[in-house]
Amino acid sequence: METLLFLFPQFNYMAPKEEANFKMLGPDDLKAPTMKDDTSRQKDKERKSRLSLFLTKSGSHENVSPHKKTNTSSSNTSPEAALQWSDSFDELLKHSDGVETFSQFLRTEFSEENIEFWLACEEYKTYDSEKKLLSKAKCIYTIFIESDAPKEVNIDYTTKMAIQKDIVKPTKSCFEAAQMKVYSLMKKDSYPRFLQSDIYLRLTRRKAPGATMFRRRSRSCVFNERGEATTEPSPW
């Protein structure tokens, strides 16, 4: 399709004074805004991705099966040390190996953003500089709080809007309400399942409850894993 071009009279001395001072747009010109919008959205996605990698080292929603063994630094943790994590959720959070193992477990449930957000908030509260608080607050908001964030945590709308307002002039406590909600979710929901998971039970060298019974050659009974005998009709 041909594009008609009308030049301004002041630049075309041969054009009559009555000639219209406009340019007729062609198909390529009409597509330009759409292409610009697509480019802008792509840059925004790339920005969020870079921020996510900057804030946390672990991958988001890694392809980890609940039954797949994953290498972790906690493999050197003694059973005695791991058993201490079962005392309370706070006790687990005091140990770096405990946090790492718990993070590994959350990845198998595709919810590692919870512990990553909690850790980011803990780090955020250590800053004193207003400039550093502002920078970190915007980073945490972009990664974990705003709608469609790459690692958006599950918090209510009211808390989310309060954070959006507070980060304009952030304080050390602006994420406190959200952090407490995520903490409670992990403590009541994820932590009990973690204590029963294969990941944790392997560290403590305990077998999962409800393990299958095994047979010991006998004409009169079957032994379970605790060595308790149960009577059964003899197969011989």
# chains A, B, ... in the order shown; residues from 1 in each chain; ligands from 1

call {"tool": "residues_around", "arguments": {"residues": "segment 83-91 of chain A", "least_positions_apart": "4", "cutoff": "12 Å", "atoms": "only C-alpha atoms", "output": "ChimeraX atom specification"}}
result
/A:77-79,95-102,183-196,200-206

call {"tool": "closest_residue", "arguments": {"among": "A:Asp128, A:Glu112, A:Glu176, A:Glu123", "to": "Pro150 of chain A", "atoms": "only C-alpha atoms"}}
result
A:Glu112

call {"tool": "residues_around", "arguments": {"residues": "Leu133 of chain A", "least_positions_apart": "3", "cutoff": "12 Å", "atoms": "only C-alpha atoms", "output": "PyMOL selection string"}}
result
chain A and resi 120-121+123-130+136-141+166-175

call {"tool": "atom_distance", "arguments": {"atom1": "atom CA of Gln164 of chain A", "atom2": "atom CA of Phe117 of chain A"}}
result
15.9 Å

call {"tool": "atom_distance", "arguments": {"atom1": "atom CA of Ala81 of chain A", "atom2": "atom CA of Leu106 of chain A"}}
result
20.1 Å

call {"tool": "atom_distance", "arguments": {"atom1": "atom CA of Asp156 of chain A", "atom2": "atom CA of Asn114 of chain A"}}
result
14.3 Å

call {"tool": "select_by_dssp", "arguments": {"residues": "segment 77-182 of chain A", "states": "alpha helix (DSSP H)", "output": "MDAnalysis selection string"}}
result
chainID A and resid 79:84 89:93 96:108 113:124 130:140 157:166 176:182

call {"tool": "closest_residue", "arguments": {"among": "A:Val153, A:Ile199, A:Met180, A:Met161", "to": "Phe110 of chain A", "atoms": "only C-alpha atoms"}}
result
A:Val153

call {"tool": "closest_residue", "arguments": {"among": "A:Glu116, A:Thr142, A:Ser135, A:Asp148", "to": "Gln104 of chain A", "atoms": "only C-alpha atoms"}}
result
A:Glu116
